[in-house]
Every structure is written in structure tokens, then in C-alpha cells.
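**Q** My structure is in structure22.tsv, and what it holds is TSV, C-alpha atoms:
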chain	number	residue	atom	x	y	z
A	1	MET	CA	0.00	0.00	0.00
A	2	ASN	CA	1.14	3.53	-0.78
A	3	ALA	CA	-0.99	5.11	1.94
A	4	ARG	CA	1.98	5.11	4.32
A	5	ALA	CA	4.16	6.98	1.87
A	6	GLU	CA	1.46	9.50	0.98
A	7	ILE	CA	1.28	11.07	4.43
A	8	GLN	CA	4.41	13.03	5.14
A	9	PRO	CA	5.42	13.76	8.73
A	10	PHE	CA	5.24	17.33	9.92
A	11	ARG	CA	8.55	19.19	9.85
A	12	PHE	CA	9.13	22.91	10.37
A	13	ALA	CA	11.71	22.75	7.56
A	14	GLY	CA	8.84	22.08	5.16
A	15	ILE	CA	7.96	25.78	5.33
A	16	ARG	CA	10.61	26.45	2.66
A	17	THR	CA	9.22	24.02	0.11
A	18	ALA	CA	5.49	23.95	0.97
A	19	PRO	CA	4.73	26.93	3.24
A	20	ALA	CA	0.91	26.83	3.04
A	21	ARG	CA	0.75	23.09	3.81
A	22	THR	CA	3.27	23.38	6.63
A	23	ILE	CA	1.49	26.32	8.26
A	24	GLY	CA	-1.89	24.62	7.86
A	25	ILE	CA	-0.64	21.44	9.51
A	26	ALA	CA	1.08	23.45	12.27
A	27	VAL	CA	-2.21	25.24	13.05
A	28	VAL	CA	-4.16	21.96	13.19
A	29	LEU	CA	-1.49	20.41	15.43
A	30	LEU	CA	-1.54	23.46	17.68
A	31	LEU	CA	-5.32	23.09	17.96
A	32	ARG	CA	-4.80	19.43	18.86
A	33	TYR	CA	-2.43	20.36	21.68
A	34	LEU	CA	-4.78	23.10	22.90
A	35	MET	CA	-7.62	20.60	22.98
A	36	ALA	CA	-5.37	18.14	24.80
A	37	LEU	CA	-4.62	20.92	27.30
A	38	PHE	CA	-8.35	21.57	27.64
A	39	PHE	CA	-9.01	17.90	28.43
A	40	LEU	CA	-5.95	17.76	30.69
A	41	GLY	CA	-7.49	20.58	32.77
A	42	SER	CA	-10.74	18.64	32.92
A	43	SER	CA	-8.91	15.39	33.89
A	44	LEU	CA	-6.90	17.06	36.65
A	45	ASN	CA	-10.04	18.73	37.98
A	46	LYS	CA	-11.93	15.43	38.13
A	47	VAL	CA	-9.07	13.60	39.83
A	48	ALA	CA	-8.49	16.46	42.30
A	49	LYS	CA	-12.20	16.59	43.18
A	50	GLY	CA	-12.31	12.81	43.68
A	51	TRP	CA	-14.86	11.93	41.02
A	52	LEU	CA	-13.76	8.28	41.05
A	53	TRP	CA	-13.90	7.67	44.78
A	54	SER	CA	-16.49	10.06	46.20
A	55	ASP	CA	-20.03	11.27	45.56
A	56	TYR	CA	-18.76	14.64	44.33
A	57	SER	CA	-20.20	14.06	40.84
A	58	ARG	CA	-23.67	13.64	42.36
A	59	THR	CA	-23.27	17.02	44.09
A	60	VAL	CA	-22.25	18.56	40.75
A	61	PHE	CA	-25.26	17.05	38.96
A	62	GLN	CA	-27.64	18.09	41.75
A	63	SER	CA	-26.44	21.69	41.76
A	64	ARG	CA	-26.77	21.79	37.95
A	65	LEU	CA	-30.27	20.34	38.25
A	66	ALA	CA	-31.18	23.17	40.63
A	67	GLU	CA	-30.04	25.69	38.01
A	68	LEU	CA	-32.11	24.21	35.19
A	69	ASP	CA	-35.74	24.74	34.30
A	70	PRO	CA	-37.39	21.44	35.39
A	71	ALA	CA	-39.26	21.26	32.08
A	72	THR	CA	-36.06	20.98	30.01
A	73	PHE	CA	-34.67	17.71	28.67
A	74	GLY	CA	-31.38	18.35	30.49
A	75	ALA	CA	-33.18	18.48	33.84
A	76	LYS	CA	-34.98	15.21	33.12
A	77	PHE	CA	-31.75	13.57	31.94
A	78	LEU	CA	-30.00	14.59	35.15
A	79	SER	CA	-32.80	13.63	37.54
A	80	GLN	CA	-33.75	10.33	35.88
A	81	PHE	CA	-30.38	9.09	34.60
A	82	ALA	CA	-27.24	10.95	35.68
A	83	ILE	CA	-28.05	11.33	39.39
A	84	PRO	CA	-29.33	7.76	40.03
A	85	TRP	CA	-26.38	6.35	38.06
A	86	TYR	CA	-23.78	8.87	39.24
A	87	PRO	CA	-20.95	6.38	40.12
A	88	LEU	CA	-21.09	4.87	36.62
A	89	ILE	CA	-21.30	8.29	34.95
A	90	ALA	CA	-18.39	9.59	37.05
A	91	TRP	CA	-16.19	6.66	36.03
A	92	VAL	CA	-17.12	6.85	32.35
A	93	VAL	CA	-16.60	10.64	32.20
A	94	THR	CA	-13.32	10.65	34.15
A	95	LEU	CA	-11.74	7.74	32.28
A	96	SER	CA	-12.94	9.17	28.97
A	97	VAL	CA	-11.44	12.63	29.53
A	98	ILE	CA	-8.14	11.02	30.61
A	99	THR	CA	-8.18	8.80	27.50
A	100	VAL	CA	-8.87	11.79	25.23
A	101	THR	CA	-6.05	13.75	26.88
A	102	ILE	CA	-3.52	10.95	26.33
A	103	SER	CA	-4.74	10.26	22.79
A	104	LEU	CA	-4.55	13.88	21.62
A	105	ALA	CA	-1.34	14.74	23.46
A	106	LEU	CA	0.59	11.73	22.17
A	107	GLY	CA	-1.11	11.40	18.80
A	108	LEU	CA	-2.09	7.86	19.77
A	109	ALA	CA	-5.21	6.43	18.11
A	110	THR	CA	-5.93	10.09	17.47
A	111	ARG	CA	-9.02	9.73	15.30
A	112	TRP	CA	-10.63	7.47	17.92
A	113	GLY	CA	-9.64	9.83	20.73
A	114	ALA	CA	-11.21	12.73	18.83
A	115	ALA	CA	-14.37	10.69	18.22
A	116	LEU	CA	-14.53	9.94	21.94
A	117	ALA	CA	-14.16	13.69	22.62
A	118	VAL	CA	-17.08	14.46	20.29
A	119	TRP	CA	-19.23	11.79	21.96
A	120	LEU	CA	-18.36	13.13	25.43
A	121	MET	CA	-19.24	16.69	24.45
A	122	VAL	CA	-22.54	15.52	22.92
A	123	MET	CA	-23.31	13.78	26.22
A	124	PHE	CA	-22.45	16.98	28.15
A	125	ALA	CA	-24.83	18.93	25.92
A	126	ILE	CA	-27.63	16.38	26.36
A	127	GLY	CA	-26.99	16.36	30.10
A	128	GLY	CA	-27.84	20.03	30.50
A	129	TYR	CA	-24.36	21.47	30.02
A	130	TYR	CA	-24.86	22.82	26.50
A	131	ASP	CA	-23.51	26.24	25.67
A	132	ALA	CA	-22.16	27.79	22.48
A	133	SER	CA	-18.56	27.04	23.45
A	134	LEU	CA	-19.21	23.41	22.53
A	135	LEU	CA	-19.72	24.35	18.85
A	136	PRO	CA	-16.07	25.26	18.06
A	137	LEU	CA	-14.89	22.34	20.20
A	138	TRP	CA	-17.01	19.93	18.13
A	139	ALA	CA	-15.69	21.48	14.92
A	140	ILE	CA	-12.07	21.26	16.09
A	141	ALA	CA	-12.46	17.66	17.29
A	142	GLY	CA	-14.08	16.89	13.92
A	143	LEU	CA	-10.84	18.03	12.23
A	144	PHE	CA	-8.89	15.39	14.14
A	145	ILE	CA	-11.31	12.70	13.00
A	146	VAL	CA	-11.05	13.70	9.36
A	147	LEU	CA	-7.32	14.55	9.18
A	148	PRO	CA	-4.43	12.15	9.91
A	149	THR	CA	-2.91	14.39	12.60
A	150	GLY	CA	-1.48	11.44	14.54
A	151	ARG	CA	0.51	10.45	11.47
A	152	TRP	CA	1.67	14.00	10.85
A	153	PHE	CA	2.99	14.19	14.38
A	154	GLY	CA	2.46	11.49	16.98
A	155	LEU	CA	2.74	7.82	17.84
A	156	ASP	CA	0.19	6.86	15.19
A	157	ARG	CA	2.89	7.28	12.55
A	158	ARG	CA	5.15	4.59	14.01
A	159	LEU	CA	2.29	2.32	15.03
A	160	HIS	CA	0.66	2.54	11.61
A	161	ALA	CA	3.98	1.58	10.03
A	162	ARG	CA	4.15	-1.43	12.33
A	163	HIS	CA	0.45	-2.37	12.02
A	164	PRO	CA	-0.72	-1.04	8.63
A	165	ALA	CA	-3.98	-3.00	8.70
A	166	SER	CA	-5.05	-1.77	12.12
A	167	PRO	CA	-7.87	0.80	12.10
A	168	TRP	CA	-6.60	2.27	15.39
A	169	PHE	CA	-3.63	4.16	13.96
A	170	ARG	CA	-4.92	5.38	10.61
B	1	MET	CA	13.26	20.01	16.02
B	2	SER	CA	9.45	19.97	15.97
B	3	ARG	CA	9.41	16.93	18.26
B	4	VAL	CA	10.95	19.04	20.97
B	5	PHE	CA	9.50	22.45	20.13
B	6	LEU	CA	5.77	21.97	20.80
B	7	PRO	CA	6.11	20.10	24.12
B	8	THR	CA	8.73	22.64	25.24
B	9	VAL	CA	6.42	25.57	24.48
B	10	LEU	CA	3.53	23.93	26.33
B	11	LEU	CA	5.64	23.05	29.36
B	12	SER	CA	7.08	26.60	29.49
B	13	LEU	CA	3.56	28.00	29.45
B	14	LEU	CA	2.53	25.65	32.26
B	15	ALA	CA	5.45	26.89	34.34
B	16	GLY	CA	3.82	30.30	34.77
B	17	CYS	CA	0.57	29.13	36.37
B	18	ALA	CA	-1.72	31.76	37.91
B	19	ALA	CA	-2.66	31.70	41.59
B	20	PRO	CA	-6.31	30.86	42.38
B	21	LEU	CA	-8.64	33.45	43.89
B	22	PRO	CA	-9.19	33.27	47.67
B	23	GLU	CA	-12.42	31.52	48.63
B	24	ALA	CA	-15.04	33.14	50.85
B	25	GLU	CA	-18.30	32.08	52.45
B	26	LEU	CA	-20.93	33.88	50.37
B	27	LEU	CA	-24.52	34.61	51.25
B	28	ILE	CA	-25.17	35.33	47.57
B	29	PRO	CA	-23.08	32.88	45.56
B	30	VAL	CA	-23.20	33.25	41.78
B	31	ASN	CA	-21.49	30.62	39.64
B	32	ALA	CA	-19.09	32.64	37.48
B	33	LYS	CA	-18.30	29.55	35.39
B	34	CYS	CA	-21.88	28.93	34.34
B	35	THR	CA	-22.77	30.63	31.07
B	36	THR	CA	-26.32	29.32	30.77
B	37	CYS	CA	-27.47	29.90	34.35
B	38	GLU	CA	-30.22	32.23	35.41
B	39	ASP	CA	-29.80	33.73	38.88
B	40	PHE	CA	-32.42	35.69	40.77
B	41	ILE	CA	-31.47	38.12	43.55
B	42	ARG	CA	-34.24	39.78	45.51
B	43	CYS	CA	-33.44	43.00	47.36
B	44	ASP	CA	-35.97	44.36	49.85
B	45	ASP	CA	-35.75	48.04	50.66
B	46	SER	CA	-37.33	47.40	54.04
B	47	SER	CA	-37.58	49.87	56.93
B	48	GLY	CA	-36.57	47.11	59.32
B	49	ASN	CA	-39.88	47.33	61.17
B	50	ALA	CA	-41.66	44.01	60.74
B	51	ALA	CA	-45.01	45.60	61.73
B	52	VAL	CA	-44.95	47.87	58.68
B	53	TYR	CA	-45.76	46.16	55.41
B	54	ASP	CA	-43.48	47.44	52.71
B	55	PRO	CA	-44.14	46.09	49.21
B	56	THR	CA	-41.00	47.65	47.78
B	57	PHE	CA	-38.49	45.24	46.28
B	58	ASP	CA	-36.17	44.82	43.32
B	59	LEU	CA	-35.63	41.52	41.58
B	60	TYR	CA	-32.32	41.28	39.74
B	61	ARG	CA	-32.36	38.61	37.09
B	62	LEU	CA	-28.85	37.65	35.99
B	63	GLU	CA	-29.45	36.11	32.61
B	64	PRO	CA	-27.52	33.51	30.59
B	65	LYS	CA	-24.61	34.95	28.62
B	66	GLY	CA	-24.90	35.66	24.90
B	67	THR	CA	-23.44	33.39	22.21
B	68	LEU	CA	-20.17	35.31	21.83
B	69	ALA	CA	-19.59	35.40	25.58
B	70	GLN	CA	-20.24	31.66	25.72
B	71	LEU	CA	-17.73	31.09	22.93
B	72	ALA	CA	-15.17	33.19	24.80
B	73	THR	CA	-15.26	30.76	27.71
B	74	VAL	CA	-13.14	28.30	25.70
B	75	TRP	CA	-10.35	30.88	25.73
B	76	GLU	CA	-10.96	31.69	29.40
B	77	PHE	CA	-10.72	27.99	30.27
B	78	LEU	CA	-7.43	27.64	28.39
B	79	ILE	CA	-5.77	30.71	29.90
B	80	GLN	CA	-6.99	30.07	33.45
B	81	LEU	CA	-3.66	28.37	34.19
B	82	PHE	CA	-1.81	31.62	33.48
B	83	TYR	CA	-4.36	34.35	34.16
B	84	THR	CA	-6.81	34.64	37.04
B	85	ARG	CA	-10.08	36.20	36.01
B	86	THR	CA	-11.22	38.86	38.48
B	87	GLU	CA	-14.55	39.87	36.97
B	88	ASP	CA	-17.56	38.27	35.33
B	89	VAL	CA	-20.21	40.16	33.39
B	90	ARG	CA	-23.78	38.92	32.97
B	91	PRO	CA	-26.76	40.40	31.11
B	92	LEU	CA	-29.24	41.79	33.62
B	93	SER	CA	-32.91	42.69	33.86
B	94	VAL	CA	-34.26	44.55	36.85
B	95	TYR	CA	-37.85	44.08	37.99
B	96	ALA	CA	-39.02	46.67	40.50
B	97	GLN	CA	-42.15	46.76	42.63
B	98	ARG	CA	-43.18	49.96	44.42
B	99	PRO	CA	-46.37	51.10	46.19
B	100	GLY	CA	-48.80	52.26	43.48
B	101	THR	CA	-50.82	55.46	43.35
B	102	THR	CA	-53.88	54.31	41.44
B	103	GLU	CA	-53.17	50.59	41.80
B	104	ALA	CA	-51.96	48.45	44.69
B	105	PHE	CA	-48.47	48.16	43.24
B	106	ALA	CA	-46.52	49.78	40.46
B	107	ARG	CA	-44.28	47.32	38.68
B	108	SER	CA	-41.60	48.12	36.15
B	109	THR	CA	-39.01	46.21	34.16
B	110	THR	CA	-35.63	47.46	32.97
B	111	GLY	CA	-33.77	45.28	30.48
B	112	ASP	CA	-30.50	45.55	28.57
B	113	ALA	CA	-28.45	46.21	31.70
B	114	GLU	CA	-25.43	44.33	32.96
B	115	ALA	CA	-24.25	42.98	36.27
B	116	ARG	CA	-20.51	43.08	36.90
B	117	ILE	CA	-19.41	40.49	39.44
B	118	ASP	CA	-16.16	41.33	41.22
B	119	LEU	CA	-14.65	37.90	41.93
B	120	VAL	CA	-12.06	39.35	44.33
B	121	GLU	CA	-14.16	41.75	46.43
B	122	HIS	CA	-17.28	39.57	46.05
B	123	ARG	CA	-19.52	42.42	44.96
B	124	ILE	CA	-22.14	42.58	42.25
B	125	GLN	CA	-22.37	45.95	40.55
B	126	VAL	CA	-25.89	46.63	39.28
B	127	PRO	CA	-27.28	49.90	37.91
B	128	ASP	CA	-27.10	52.56	40.68
B	129	ALA	CA	-26.07	50.10	43.40
B	130	TRP	CA	-23.82	47.24	44.41
B	131	ILE	CA	-24.54	44.09	46.40
B	132	ASP	CA	-22.13	42.64	48.93
B	133	GLN	CA	-22.16	38.88	48.26
B	134	VAL	CA	-20.78	38.12	51.74
B	135	THR	CA	-23.31	40.06	53.85
B	136	GLY	CA	-26.17	40.43	51.35
B	137	GLN	CA	-26.26	44.20	51.91
B	138	ARG	CA	-27.15	46.46	49.03
B	139	ARG	CA	-25.60	49.89	48.87
B	140	GLY	CA	-26.15	52.81	46.55
B	141	ALA	CA	-23.49	54.40	44.40
B	142	ASP	CA	-22.74	56.75	47.34
B	143	ASN	CA	-22.43	53.73	49.69
B	144	THR	CA	-25.71	54.44	51.50
B	145	PRO	CA	-27.44	51.24	52.71
B	146	ARG	CA	-30.36	50.23	50.50
B	147	GLY	CA	-31.70	47.12	52.18
B	148	LEU	CA	-30.83	43.46	52.16
B	149	CYS	CA	-30.67	40.96	49.34
B	150	ARG	CA	-30.98	37.21	49.09
B	151	LEU	CA	-30.48	34.69	46.35
B	152	LEU	CA	-33.69	32.98	45.32
B	153	ASN	CA	-33.68	29.45	44.01
B	154	PRO	CA	-34.45	29.48	40.27
B	155	ALA	CA	-37.98	28.07	40.69
B	156	GLU	CA	-38.82	30.75	43.28
B	157	GLY	CA	-37.33	33.42	41.03
B	158	ARG	CA	-39.34	32.32	38.00
B	159	GLU	CA	-42.48	32.27	40.11
B	160	LEU	CA	-41.86	35.83	41.34
B	161	LEU	CA	-41.17	36.89	37.77
B	162	LYS	CA	-44.74	35.99	36.85
B	163	LEU	CA	-45.90	39.04	38.84
B	164	PHE	CA	-44.31	41.21	36.19
B	165	THR	CA	-45.83	39.42	33.22
B	166	GLU	CA	-49.36	39.17	34.58
B	167	GLU	CA	-52.05	41.85	34.41
B	168	PRO	CA	-51.38	44.90	36.61
B	169	ALA	CA	-52.53	44.45	40.23
B	170	LYS	CA	-55.85	46.11	41.05
B	171	GLU	CA	-56.47	48.43	44.00
B	172	LYS	CA	-57.80	46.49	46.96
B	173	SER	CA	-61.34	47.54	47.97
Write the structure described by the file as C-alpha cells, please.

**A**
Amino acid sequence: MNARAEIQPFRFAGIRTAPARTIGIAVVLLLRYLMALFFLGSSLNKVAKGWLWSDYSRTVFQSRLAELDPATFGAKFLSQFAIPWYPLIAWVVTLSVITVTISLALGLATRWGAALAVWLMVMFAIGGYYDASLLPLWAIAGLFIVLPTGRWFGLDRRLHARHPASPWFR
Amino acid sequence: MSRVFLPTVLLSLLAGCAAPLPEAELLIPVNAKCTTCEDFIRCDDSSGNAAVYDPTFDLYRLEPKGTLAQLATVWEFLIQLFYTRTEDVRPLSVYAQRPGTTEAFARSTTGDAEARIDLVEHRIQVPDAWIDQVTGQRRGADNTPRGLCRLLNPAEGRELLKLFTEEPAKEKS
């Protein structure tokens, strides 16, 4: 297969021969690191607040429920699903944000990490945490699903070379 | 070079982390991180004499932020490691009830205002006054006391808001 040869790794030196491509890739990679930083902040916050070993997440959901209009879908989602199932939700959310952080920071299974980020943010929106700031985050995460950023710069490049048939490192 | 450059830049940025704001016990807490919240603060301009019925009050409705302000929170979240935000601004509507002349009460609504929340001093600046979030006291622009305020729960606030959307109150016979 030629697919491996088609995707060139990112190098700053490429700015001399292909400036537009190099700058474009640099911007997308910068966005990937900013999103990784965003999820790192979220991961640290959840670990520091003890989401995995306390009922802190329930307190968070209950205070959000108090802020919402009871007639909204978000309020019903929180009261009938998130609050009764808070230990499961806390584990899924915390482990997912940590996974996304590692995936985007290292460029490891990047497309899957980005897809997980999109799914998480959709769940946040459904769960009563929607605001307009999610729109650019969805769009940016969508870029990492569509573009081979992990093979431009990240572990996906090496792992794809070693396991070319694997869908994880494409 | 690029393998070293990006992580180095990110780690250098992390090195200059900003200090968090001091925490305080607030009588009127307002979540400065919530962009879609609606907060209701009721301020009663009471004489302090429980025997005298005074219908005068102001209801401050801190509304959800606009789309652009919500978008800006992505940036605020990213730079919070290096820059401590000291102020939050929320759209505000003020609903006022006063004793009426021809009717029992006179009610008015003022929209398109803004509430500036000082996250260091724990004060909420509203038109012509400010509210101390620690004590609940409201003071005028010249620092004169103008009654006490309390945070209503959203359901209570929405219920009170109905007074201002219903038909004007009639004079009691």
C-alpha cells in the first residue's frame, strides 16, 4: 500500500518548500495540543475533586439540576439518569477525559480519541451542560477525526507503520 | 526540532501558572463559570420594622450569557492556568415593585443592563447600586445602605417573575 508513503510527517523545515501546507498542519497540530490541554485541565479537575472515589459528581449534577428549568430535557436527563447512576457516569466521564487527553497529546489512536471527545461533548450537551462554546470544540475535534494528525505528528505514525492493517492508527 | 519544540512551548507555558482566587463564604453565591445559568437576587428596601408592610423590592435577574460570551469561555478555560479572572459580566434585567398610586403596586421592568461580578471583592455591581455577596447588603453608588438581598432558588425566582408578566394588580377595595 502507498498510503503510508502518501502522508508526510510534519517538519518545520517544510515551510521552505510547501509553506501553506506546513502552516496549515502546524495550526491543526496546535489546535490538537490546545484541545489536549483543555481535556488535561478537565482530567486534573476530576481527579483532584475525587470523582472516582467520592459522591462529588452527584453534588455537581444536583447543583446543575437546581439551576435548570425542570421542564427541560437536560433536567430530566440529570434527575432520571445521571443522578441515580452517578458512580457509573463519574467513572465513564473521568476515564474518557483522561483517554482523550492521552490520545490527543501523544497522537495515539488520534481519530478514535477525537471521536470519543465528540461523543463526550454531545453527552455533556444532552446532560444540561450545552452552551455555544461546545460548537467550536465539536468542529475542532471533527478536524482530528477527518485529518491524519497522529501520522503528521504522533505515535500513530510509528504504530501505523508497524500495524498497517489496524484501524486504530490510521 | 518539531518533536521538541511543541512540548517545550507547552511546558514553558505551564510553568507560569496563575494563583487561584481566595475563597469566601458567600450569602449570595453566583457561579461565574456557568454561562447558561439564570440567577435571581431579591433585594428588599425594608424599613426594618416588621409591623410595617413594605411592598418595595427589586428583583435582579442575571441572565444567561450571549453566544459570543459563551464562545469566549473556551479561551478563558485555556488561559486560566496563566491568568486569574477577576470579573464576570452577565446580562441583567431589573424588575421593580413599588407602592402604586392608582393601583396596589406599580411594577416596572428594565432590560438591557449588565451585572458586573467582582470575583475578588465579592460584589455585584448593578445599575445605581452594588450588592455585597458576603453580607447580602445592598448599597447605593454613594455607599448608603439600601436594604438586604438574598439569592432565590431558580424556581422561586421564575415564580416571582410571573408578577411582572401578569395583568397589573388592582387596588384592593

**Q** Select all residues from chain A having any atom no more than 7 Å from an atom of chain B (counting only C-alpha atoms, ignoring ligands), output as number ranges by chain.

**A** A: 11-12, 38, 67, 131-133

**Q** With only C-alpha atoms counted, which protein, DNA or RNA residues have an atom no more than 10 Å from (-8.4, 37.7, 35.6) in the file frame? Please answer as a list in words.

**A**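 Counting only C-alpha atoms, I find these residues within 10 Å of (-8.4, 37.7, 35.6): Ala18, Pro20, Leu21, Glu76, Ile79, Gln80, Phe82, Tyr83, Thr84, Arg85, Thr86, Glu87, Asp88, Leu119 and Val120 of chain B.
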
**Q** May I have the selected residues written with C-alpha atoms, as a PDB file, in the frame of the given file?

**A**
ATOM      1  CA  ALA B  18      -1.720  31.760  37.910  1.00  0.00           C
ATOM      2  CA  PRO B  20      -6.310  30.860  42.380  1.00  0.00           C
ATOM      3  CA  LEU B  21      -8.640  33.450  43.890  1.00  0.00           C
ATOM      4  CA  GLU B  76     -10.960  31.690  29.400  1.00  0.00           C
ATOM      5  CA  ILE B  79      -5.770  30.710  29.900  1.00  0.00           C
ATOM      6  CA  GLN B  80      -6.990  30.070  33.450  1.00  0.00           C
ATOM      7  CA  PHE B  82      -1.810  31.620  33.480  1.00  0.00           C
ATOM      8  CA  TYR B  83      -4.360  34.350  34.160  1.00  0.00           C
ATOM      9  CA  THR B  84      -6.810  34.640  37.040  1.00  0.00           C
ATOM     10  CA  ARG B  85     -10.080  36.200  36.010  1.00  0.00           C
ATOM     11  CA  THR B  86     -11.220  38.860  38.480  1.00  0.00           C
ATOM     12  CA  GLU B  87     -14.550  39.870  36.970  1.00  0.00           C
ATOM     13  CA  ASP B  88     -17.560  38.270  35.330  1.00  0.00           C
ATOM     14  CA  LEU B 119     -14.650  37.900  41.930  1.00  0.00           C
ATOM     15  CA  VAL B 120     -12.060  39.350  44.330  1.00  0.00           C
TER      16      VAL B 120
END

**Q** Would you work out the distance separating CA of Gly100 in chain B from CA of Leu151 in chain B, expressed in Å to one decimal?

**A**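 Calculated distance between CA of Gly100 in chain B and CA of Leu151 in chain B is 25.5 Å.
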
**Q** Which is closer to Ala36 in chain A than all the others in A:Leu134, A:Ala139, A:Ile98, A:Leu159, using all atoms listed in the file?

**A**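 For Ala36 in chain A, the nearest of the candidates is A:Ile98.
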
**Q** Which protein, DNA or RNA residues have an atom at most 10 Å from (-8.4, 14.3, 12.7), counting all atoms listed in the file? List them as a PDB file with C-alpha atoms, in the coordinates of the input.

**A**
ATOM      1  CA  VAL A  28      -4.160  21.960  13.190  1.00  0.00           C
ATOM      2  CA  LEU A  29      -1.490  20.410  15.430  1.00  0.00           C
ATOM      3  CA  ARG A  32      -4.800  19.430  18.860  1.00  0.00           C
ATOM      4  CA  LEU A 104      -4.550  13.880  21.620  1.00  0.00           C
ATOM      5  CA  GLY A 107      -1.110  11.400  18.800  1.00  0.00           C
ATOM      6  CA  THR A 110      -5.930  10.090  17.470  1.00  0.00           C
ATOM      7  CA  ARG A 111      -9.020   9.730  15.300  1.00  0.00           C
ATOM      8  CA  TRP A 112     -10.630   7.470  17.920  1.00  0.00           C
ATOM      9  CA  GLY A 113      -9.640   9.830  20.730  1.00  0.00           C
ATOM     10  CA  ALA A 114     -11.210  12.730  18.830  1.00  0.00           C
ATOM     11  CA  ALA A 115     -14.370  10.690  18.220  1.00  0.00           C
ATOM     12  CA  ILE A 140     -12.070  21.260  16.090  1.00  0.00           C
ATOM     13  CA  ALA A 141     -12.460  17.660  17.290  1.00  0.00           C
ATOM     14  CA  GLY A 142     -14.080  16.890  13.920  1.00  0.00           C
ATOM     15  CA  LEU A 143     -10.840  18.030  12.230  1.00  0.00           C
ATOM     16  CA  PHE A 144      -8.890  15.390  14.140  1.00  0.00           C
ATOM     17  CA  ILE A 145     -11.310  12.700  13.000  1.00  0.00           C
ATOM     18  CA  VAL A 146     -11.050  13.700   9.360  1.00  0.00           C
ATOM     19  CA  LEU A 147      -7.320  14.550   9.180  1.00  0.00           C
ATOM     20  CA  PRO A 148      -4.430  12.150   9.910  1.00  0.00           C
ATOM     21  CA  THR A 149      -2.910  14.390  12.600  1.00  0.00           C
ATOM     22  CA  GLY A 150      -1.480  11.440  14.540  1.00  0.00           C
ATOM     23  CA  ARG A 151       0.510  10.450  11.470  1.00  0.00           C
ATOM     24  CA  ARG A 170      -4.920   5.380  10.610  1.00  0.00           C
TER      25      ARG A 170
END

**Q** Using all atoms listed in the file, which residue out of A:Phe10, A:Phe77, A:Phe153, A:Trp91 lies closest to Tyr33 in chain A?

**A** A:Phe153

**Q** When you count all atoms listed in the file, which of these residues is closest to Ala115 in chain B: B:Asp45, B:Glu103, B:Glu25, B:Asp128?

**A** B:Asp128

**Q** Any idea what the distance is between CA of Ala66 in chain A and CA of Arg146 in chain B?

**A**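 The value is 28.8 Å.
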
**Q** Separation of CA of Leu40 in chain A and CA of Thr101 in chain A, in Å?

**A**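 Atom-to-atom, CA of Leu40 in chain A to CA of Thr101 in chain A, that is 5.5 Å.
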
**Q** Using only C-alpha atoms, which of A:Leu108, A:Ala13, A:Ala18, A:Met123 sits nearest Gly74 in chain A?

**A**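 Of the candidates, the smallest distance to Gly74 in chain A is held by A:Met123.
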
**Q** Find the residues near Asp58 in chain B: any atom within 9 Å, counting all atoms listed in the file, skip ones fewer than 2 places away on the same chain, and give them as a ChimeraX atom specification.

**A** /B:41-45,56,60,94-98

**Q** Go through B:Glu23, B:Phe57, B:Leu62, B:Phe105 one by one, measure the shortest atom-to-atom distance of each to Arg138 in chain B using all atoms listed in the file, and give the residue with the smallest value.

**A**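 Closest to Arg138 in chain B, using all atoms listed in the file: B:Phe57.
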
**Q** With N, CA and C atoms as the atom set, please write range 67-79 of chain B from the structure just given, as a JSON list (two decimals), in the first residue's frame.

**A**
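Written output follows (part20.json):
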[["chain", "number", "residue", "atom", "x", "y", "z"],
["B", 67, "THR", "N", -24.22, 34.40, 22.95],
["B", 67, "THR", "CA", -23.44, 33.39, 22.21],
["B", 67, "THR", "C", -21.95, 33.70, 22.20],
["B", 68, "LEU", "N", -21.59, 34.96, 21.92],
["B", 68, "LEU", "CA", -20.17, 35.31, 21.83],
["B", 68, "LEU", "C", -19.47, 35.14, 23.17],
["B", 69, "ALA", "N", -20.17, 35.54, 24.24],
["B", 69, "ALA", "CA", -19.59, 35.40, 25.58],
["B", 69, "ALA", "C", -19.43, 33.93, 25.95],
["B", 70, "GLN", "N", -20.36, 33.11, 25.47],
["B", 70, "GLN", "CA", -20.24, 31.66, 25.72],
["B", 70, "GLN", "C", -19.05, 31.09, 24.97],
["B", 71, "LEU", "N", -18.87, 31.57, 23.72],
["B", 71, "LEU", "CA", -17.73, 31.09, 22.93],
["B", 71, "LEU", "C", -16.41, 31.48, 23.59],
["B", 72, "ALA", "N", -16.40, 32.68, 24.19],
["B", 72, "ALA", "CA", -15.17, 33.19, 24.80],
["B", 72, "ALA", "C", -14.72, 32.34, 25.99],
["B", 73, "THR", "N", -15.64, 31.55, 26.54],
["B", 73, "THR", "CA", -15.26, 30.76, 27.71],
["B", 73, "THR", "C", -14.23, 29.68, 27.38],
["B", 74, "VAL", "N", -14.16, 29.28, 26.09],
["B", 74, "VAL", "CA", -13.14, 28.30, 25.70],
["B", 74, "VAL", "C", -11.76, 28.91, 25.96],
["B", 75, "TRP", "N", -11.61, 30.17, 25.53],
["B", 75, "TRP", "CA", -10.35, 30.88, 25.73],
["B", 75, "TRP", "C", -10.09, 31.08, 27.22],
["B", 76, "GLU", "N", -11.13, 31.46, 27.96],
["B", 76, "GLU", "CA", -10.96, 31.69, 29.40],
["B", 76, "GLU", "C", -10.52, 30.41, 30.11],
["B", 77, "PHE", "N", -11.09, 29.27, 29.65],
["B", 77, "PHE", "CA", -10.72, 27.99, 30.27],
["B", 77, "PHE", "C", -9.24, 27.69, 30.00],
["B", 78, "LEU", "N", -8.81, 27.96, 28.75],
["B", 78, "LEU", "CA", -7.43, 27.64, 28.39],
["B", 78, "LEU", "C", -6.42, 28.52, 29.12],
["B", 79, "ILE", "N", -6.77, 29.81, 29.29],
["B", 79, "ILE", "CA", -5.77, 30.71, 29.90],
["B", 79, "ILE", "C", -5.88, 30.76, 31.42]]
